[in-house]
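Enquirer: Input entry-v2.cif, format and content: mmCIF, N, CA and C atoms.
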```cif
data_target
loop_
_atom_site.label_atom_id
_atom_site.label_comp_id
_atom_site.auth_asym_id
_atom_site.auth_seq_id
_atom_site.Cartn_x
_atom_site.Cartn_y
_atom_site.Cartn_z
N TRP X 8 -10.62 10.42 -17.73
CA TRP X 8 -11.62 11.26 -18.30
C TRP X 8 -11.36 12.66 -17.80
N GLN X 9 -11.32 13.64 -18.66
CA GLN X 9 -10.94 14.99 -18.24
C GLN X 9 -12.10 15.96 -18.38
N THR X 10 -12.15 16.88 -17.43
CA THR X 10 -13.10 17.99 -17.48
C THR X 10 -12.33 19.26 -17.19
N GLY X 11 -12.47 20.26 -18.01
CA GLY X 11 -11.81 21.53 -17.79
C GLY X 11 -10.29 21.43 -17.73
N GLY X 12 -9.70 20.50 -18.46
CA GLY X 12 -8.26 20.37 -18.49
C GLY X 12 -7.67 19.52 -17.38
N GLU X 13 -8.47 19.20 -16.36
CA GLU X 13 -7.98 18.37 -15.26
C GLU X 13 -8.66 17.01 -15.29
N SER X 14 -7.92 15.97 -15.00
CA SER X 14 -8.49 14.65 -14.89
C SER X 14 -9.25 14.56 -13.58
N ALA X 15 -10.56 14.31 -13.65
CA ALA X 15 -11.38 14.31 -12.44
C ALA X 15 -12.13 13.00 -12.24
N TYR X 16 -12.30 12.20 -13.26
CA TYR X 16 -13.08 10.98 -13.17
C TYR X 16 -12.25 9.76 -13.55
N VAL X 17 -12.58 8.63 -12.93
CA VAL X 17 -11.91 7.38 -13.26
C VAL X 17 -12.93 6.25 -13.16
N PHE X 18 -12.87 5.31 -14.11
CA PHE X 18 -13.68 4.10 -14.07
C PHE X 18 -12.83 3.01 -13.45
N ALA X 19 -13.44 2.20 -12.58
CA ALA X 19 -12.69 1.11 -11.95
C ALA X 19 -13.57 -0.12 -11.81
N GLY X 20 -12.99 -1.27 -12.05
CA GLY X 20 -13.67 -2.55 -11.88
C GLY X 20 -12.72 -3.51 -11.19
N GLY X 21 -13.24 -4.66 -10.82
CA GLY X 21 -12.38 -5.62 -10.12
C GLY X 21 -12.94 -7.02 -10.17
N THR X 22 -12.95 -7.67 -9.04
CA THR X 22 -13.37 -9.08 -8.97
C THR X 22 -14.88 -9.26 -8.97
N THR X 23 -15.64 -8.19 -8.85
CA THR X 23 -17.10 -8.28 -8.96
C THR X 23 -17.51 -7.76 -10.34
N SER X 24 -18.78 -7.90 -10.67
CA SER X 24 -19.26 -7.45 -11.97
C SER X 24 -19.60 -5.96 -12.01
N ILE X 25 -19.36 -5.26 -10.92
CA ILE X 25 -19.69 -3.84 -10.84
C ILE X 25 -18.51 -2.99 -11.29
N VAL X 26 -18.81 -1.98 -12.13
CA VAL X 26 -17.84 -0.97 -12.52
C VAL X 26 -18.30 0.33 -11.89
N GLY X 27 -17.38 1.06 -11.29
CA GLY X 27 -17.73 2.33 -10.66
C GLY X 27 -17.09 3.50 -11.39
N LEU X 28 -17.83 4.60 -11.44
CA LEU X 28 -17.31 5.87 -11.94
C LEU X 28 -17.04 6.72 -10.70
N TYR X 29 -15.79 7.09 -10.49
CA TYR X 29 -15.40 7.84 -9.31
C TYR X 29 -15.03 9.26 -9.68
N ASP X 30 -15.41 10.21 -8.82
CA ASP X 30 -15.03 11.61 -8.96
C ASP X 30 -13.89 11.87 -7.99
N LEU X 31 -12.72 12.09 -8.50
CA LEU X 31 -11.53 12.25 -7.67
C LEU X 31 -11.52 13.58 -6.91
N ARG X 32 -12.41 14.49 -7.27
CA ARG X 32 -12.47 15.77 -6.57
C ARG X 32 -13.24 15.69 -5.26
N MET X 33 -14.02 14.64 -5.10
CA MET X 33 -14.83 14.52 -3.89
C MET X 33 -13.95 14.08 -2.72
N ALA X 34 -14.17 14.68 -1.58
CA ALA X 34 -13.39 14.34 -0.39
C ALA X 34 -14.04 13.17 0.35
N GLY X 35 -13.29 12.54 1.23
CA GLY X 35 -13.85 11.46 2.04
C GLY X 35 -13.34 10.11 1.60
N ASP X 36 -14.00 9.07 2.13
CA ASP X 36 -13.56 7.70 1.80
C ASP X 36 -14.01 7.30 0.40
N THR X 37 -13.53 6.16 -0.07
CA THR X 37 -13.76 5.70 -1.43
C THR X 37 -15.23 5.58 -1.77
N SER X 38 -16.06 5.08 -0.85
CA SER X 38 -17.48 4.88 -1.16
C SER X 38 -18.21 6.19 -1.42
N SER X 39 -17.74 7.31 -0.84
CA SER X 39 -18.42 8.59 -1.06
C SER X 39 -18.05 9.21 -2.39
N GLN X 40 -17.04 8.67 -3.06
CA GLN X 40 -16.60 9.22 -4.33
C GLN X 40 -17.33 8.60 -5.53
N VAL X 41 -18.11 7.56 -5.32
CA VAL X 41 -18.78 6.89 -6.44
C VAL X 41 -19.89 7.77 -6.99
N VAL X 42 -19.79 8.08 -8.27
CA VAL X 42 -20.80 8.91 -8.94
C VAL X 42 -21.87 8.03 -9.59
N GLN X 43 -21.43 6.89 -10.15
CA GLN X 43 -22.32 6.00 -10.89
C GLN X 43 -21.74 4.59 -10.85
N THR X 44 -22.64 3.58 -10.85
CA THR X 44 -22.18 2.20 -10.97
C THR X 44 -22.84 1.56 -12.18
N TYR X 45 -22.19 0.56 -12.73
CA TYR X 45 -22.63 -0.13 -13.94
C TYR X 45 -22.52 -1.63 -13.72
N ARG X 46 -23.56 -2.37 -14.09
CA ARG X 46 -23.53 -3.84 -14.07
C ARG X 46 -24.65 -4.33 -14.97
N PRO X 47 -24.35 -5.23 -15.91
CA PRO X 47 -25.41 -5.76 -16.78
C PRO X 47 -26.36 -6.65 -16.00
N ARG X 48 -27.63 -6.59 -16.36
CA ARG X 48 -28.65 -7.43 -15.70
C ARG X 48 -28.29 -8.90 -15.75
N ALA X 49 -27.72 -9.34 -16.84
CA ALA X 49 -27.37 -10.75 -17.01
C ALA X 49 -26.35 -11.23 -15.98
N LEU X 50 -25.62 -10.30 -15.38
CA LEU X 50 -24.59 -10.68 -14.42
C LEU X 50 -24.94 -10.33 -12.98
N ARG X 51 -26.17 -9.89 -12.72
CA ARG X 51 -26.54 -9.48 -11.36
C ARG X 51 -26.47 -10.62 -10.36
N SER X 52 -26.77 -11.83 -10.78
CA SER X 52 -26.74 -12.96 -9.86
C SER X 52 -25.51 -13.84 -10.07
N LYS X 53 -24.58 -13.38 -10.88
CA LYS X 53 -23.36 -14.16 -11.17
C LYS X 53 -22.14 -13.41 -10.67
N GLN X 54 -21.11 -14.14 -10.38
CA GLN X 54 -19.82 -13.57 -10.03
C GLN X 54 -18.98 -13.52 -11.30
N ALA X 55 -18.62 -12.36 -11.77
CA ALA X 55 -17.82 -12.20 -12.98
C ALA X 55 -16.89 -11.01 -12.80
N ALA X 56 -15.61 -11.24 -12.98
CA ALA X 56 -14.62 -10.18 -12.82
C ALA X 56 -14.53 -9.34 -14.08
N VAL X 57 -14.30 -8.05 -13.90
CA VAL X 57 -14.09 -7.13 -15.02
C VAL X 57 -12.68 -7.36 -15.56
N SER X 58 -12.57 -7.57 -16.87
CA SER X 58 -11.25 -7.79 -17.46
C SER X 58 -10.76 -6.61 -18.29
N GLY X 59 -11.65 -5.65 -18.58
CA GLY X 59 -11.23 -4.48 -19.34
C GLY X 59 -12.30 -3.41 -19.38
N ILE X 60 -11.86 -2.15 -19.43
CA ILE X 60 -12.77 -1.00 -19.52
C ILE X 60 -12.18 -0.03 -20.54
N ASP X 61 -13.04 0.49 -21.41
CA ASP X 61 -12.59 1.48 -22.38
C ASP X 61 -13.66 2.55 -22.53
N LEU X 62 -13.25 3.78 -22.72
CA LEU X 62 -14.14 4.91 -22.90
C LEU X 62 -14.20 5.27 -24.38
N SER X 63 -15.42 5.51 -24.89
CA SER X 63 -15.56 5.88 -26.30
C SER X 63 -14.90 7.23 -26.56
N LYS X 64 -14.57 7.50 -27.82
CA LYS X 64 -13.91 8.76 -28.18
C LYS X 64 -14.75 9.98 -27.82
N ASP X 65 -16.08 9.85 -27.95
CA ASP X 65 -16.94 10.98 -27.62
C ASP X 65 -17.27 11.06 -26.13
N LYS X 66 -16.75 10.12 -25.34
CA LYS X 66 -16.89 10.07 -23.89
C LYS X 66 -18.34 9.93 -23.42
N ARG X 67 -19.18 9.33 -24.25
CA ARG X 67 -20.58 9.11 -23.90
C ARG X 67 -20.87 7.68 -23.46
N GLU X 68 -19.98 6.75 -23.82
CA GLU X 68 -20.20 5.34 -23.50
C GLU X 68 -18.91 4.69 -23.01
N ILE X 69 -19.10 3.64 -22.19
CA ILE X 69 -17.96 2.81 -21.81
C ILE X 69 -18.21 1.40 -22.31
N LEU X 70 -17.15 0.73 -22.68
CA LEU X 70 -17.17 -0.69 -23.03
C LEU X 70 -16.53 -1.45 -21.89
N VAL X 71 -17.23 -2.47 -21.41
CA VAL X 71 -16.71 -3.27 -20.30
C VAL X 71 -16.70 -4.73 -20.72
N SER X 72 -15.54 -5.36 -20.59
CA SER X 72 -15.45 -6.79 -20.87
C SER X 72 -15.33 -7.53 -19.54
N TYR X 73 -15.95 -8.71 -19.51
CA TYR X 73 -15.95 -9.55 -18.32
C TYR X 73 -15.28 -10.87 -18.65
N GLU X 74 -14.56 -11.44 -17.67
CA GLU X 74 -13.94 -12.74 -17.86
C GLU X 74 -15.02 -13.77 -18.17
N ALA X 75 -14.79 -14.60 -19.17
CA ALA X 75 -15.70 -15.68 -19.56
C ALA X 75 -17.10 -15.19 -19.91
N ASP X 76 -17.22 -13.96 -20.41
CA ASP X 76 -18.53 -13.46 -20.83
C ASP X 76 -18.34 -12.47 -21.98
N HIS X 77 -19.41 -11.79 -22.30
CA HIS X 77 -19.43 -10.86 -23.42
C HIS X 77 -18.88 -9.49 -23.03
N ILE X 78 -18.89 -8.60 -24.02
CA ILE X 78 -18.54 -7.21 -23.81
C ILE X 78 -19.84 -6.41 -23.80
N TYR X 79 -19.97 -5.52 -22.83
CA TYR X 79 -21.18 -4.71 -22.69
C TYR X 79 -20.84 -3.25 -22.89
N ARG X 80 -21.80 -2.51 -23.45
CA ARG X 80 -21.66 -1.08 -23.68
C ARG X 80 -22.67 -0.37 -22.78
N PHE X 81 -22.22 0.63 -22.03
CA PHE X 81 -23.09 1.39 -21.14
C PHE X 81 -23.01 2.88 -21.48
N PRO X 82 -24.13 3.60 -21.35
CA PRO X 82 -24.04 5.06 -21.44
C PRO X 82 -23.34 5.56 -20.18
N CYS X 83 -22.51 6.58 -20.27
CA CYS X 83 -21.81 7.08 -19.09
C CYS X 83 -22.77 7.58 -18.02
N PHE X 84 -23.84 8.22 -18.44
CA PHE X 84 -24.84 8.69 -17.49
C PHE X 84 -26.19 8.15 -17.94
N PRO X 85 -26.74 7.16 -17.22
CA PRO X 85 -27.95 6.44 -17.64
C PRO X 85 -29.20 7.28 -17.84
N GLU X 86 -29.26 8.49 -17.30
CA GLU X 86 -30.45 9.30 -17.52
C GLU X 86 -30.53 9.82 -18.95
N ALA X 87 -29.47 9.58 -19.73
CA ALA X 87 -29.47 9.97 -21.14
C ALA X 87 -30.42 9.10 -21.93
N PRO X 88 -30.91 9.54 -23.09
CA PRO X 88 -31.80 8.74 -23.91
C PRO X 88 -31.17 7.39 -24.27
N ALA X 89 -31.99 6.38 -24.41
CA ALA X 89 -31.56 5.01 -24.76
C ALA X 89 -30.64 4.44 -23.70
N ALA X 90 -30.97 4.71 -22.45
CA ALA X 90 -30.13 4.26 -21.33
C ALA X 90 -30.20 2.75 -21.17
N GLY X 91 -29.19 2.23 -20.53
CA GLY X 91 -29.11 0.80 -20.25
C GLY X 91 -28.01 0.17 -21.05
N PRO X 92 -27.50 -0.96 -20.54
CA PRO X 92 -26.40 -1.61 -21.25
C PRO X 92 -26.88 -2.31 -22.51
N SER X 93 -26.01 -2.42 -23.46
CA SER X 93 -26.30 -3.21 -24.65
C SER X 93 -25.14 -4.16 -24.88
N LEU X 94 -25.47 -5.32 -25.36
CA LEU X 94 -24.47 -6.36 -25.63
C LEU X 94 -23.80 -6.07 -26.95
N VAL X 95 -22.50 -6.08 -26.97
CA VAL X 95 -21.73 -5.84 -28.19
C VAL X 95 -21.43 -7.21 -28.79
N THR X 96 -21.87 -7.42 -30.02
CA THR X 96 -21.63 -8.71 -30.67
C THR X 96 -20.65 -8.58 -31.80
#
```
Give the structure from this file in structure tokens form.

Expert:
Amino acid sequence: WQTGGESAYVFAGGTTSIVGLYDLRMAGDTSSQVVQTYRPRALRSKQAAVSGIDLSKDKREILVSYEADHIYRFPCFPEAPAAGPSLVT
């Protein structure tokens, strides 16, 4: 994801159901770089690995797929109108 011509943000997921938005310009350890986290309510009590992440063309939403589950759509910044994940069918 680019701002002002430089790539400054990256989405990352792994073996948990949490996806993090990291700001690469922030100094310090990895945990201090997290700008936002994303996880669907349906997976809060389940262990589900992230299998894919994609950013929409307008850079307002991310699509996250989970192993053995559905694909979820999240607003990049939840304070935006209609915040919260939605299930993509």

Enquirer: Work out how far atom CA of Val42 of chain X is from atom CA of Ile78 of chain X, in Å to one decimal.

Expert: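 That distance, rounded to one decimal, is 22.0 Å.
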
Enquirer: Grab the atom CA of Gln43 of chain X to atom C of Leu28 of chain X distance for me, in Å with one decimal place.

Expert: 5.3 Å

Enquirer: To verify the selection step, state as JSON, numbers by chain which residues the PyMOL selection byres ((chain X and resi 46) around 6) yields on this input.

Expert: {"X": [24, 25, 26, 44, 45, 47, 48]}

Enquirer: Residues near segment 55-70 of chain X, anyone? I mean within 7 Å using only N, CA and C atoms, not counting same-chain ones fewer than 3 positions away, as a PyMOL selection string.

Expert: chain X and resi 20-25+50+73-74+78-84
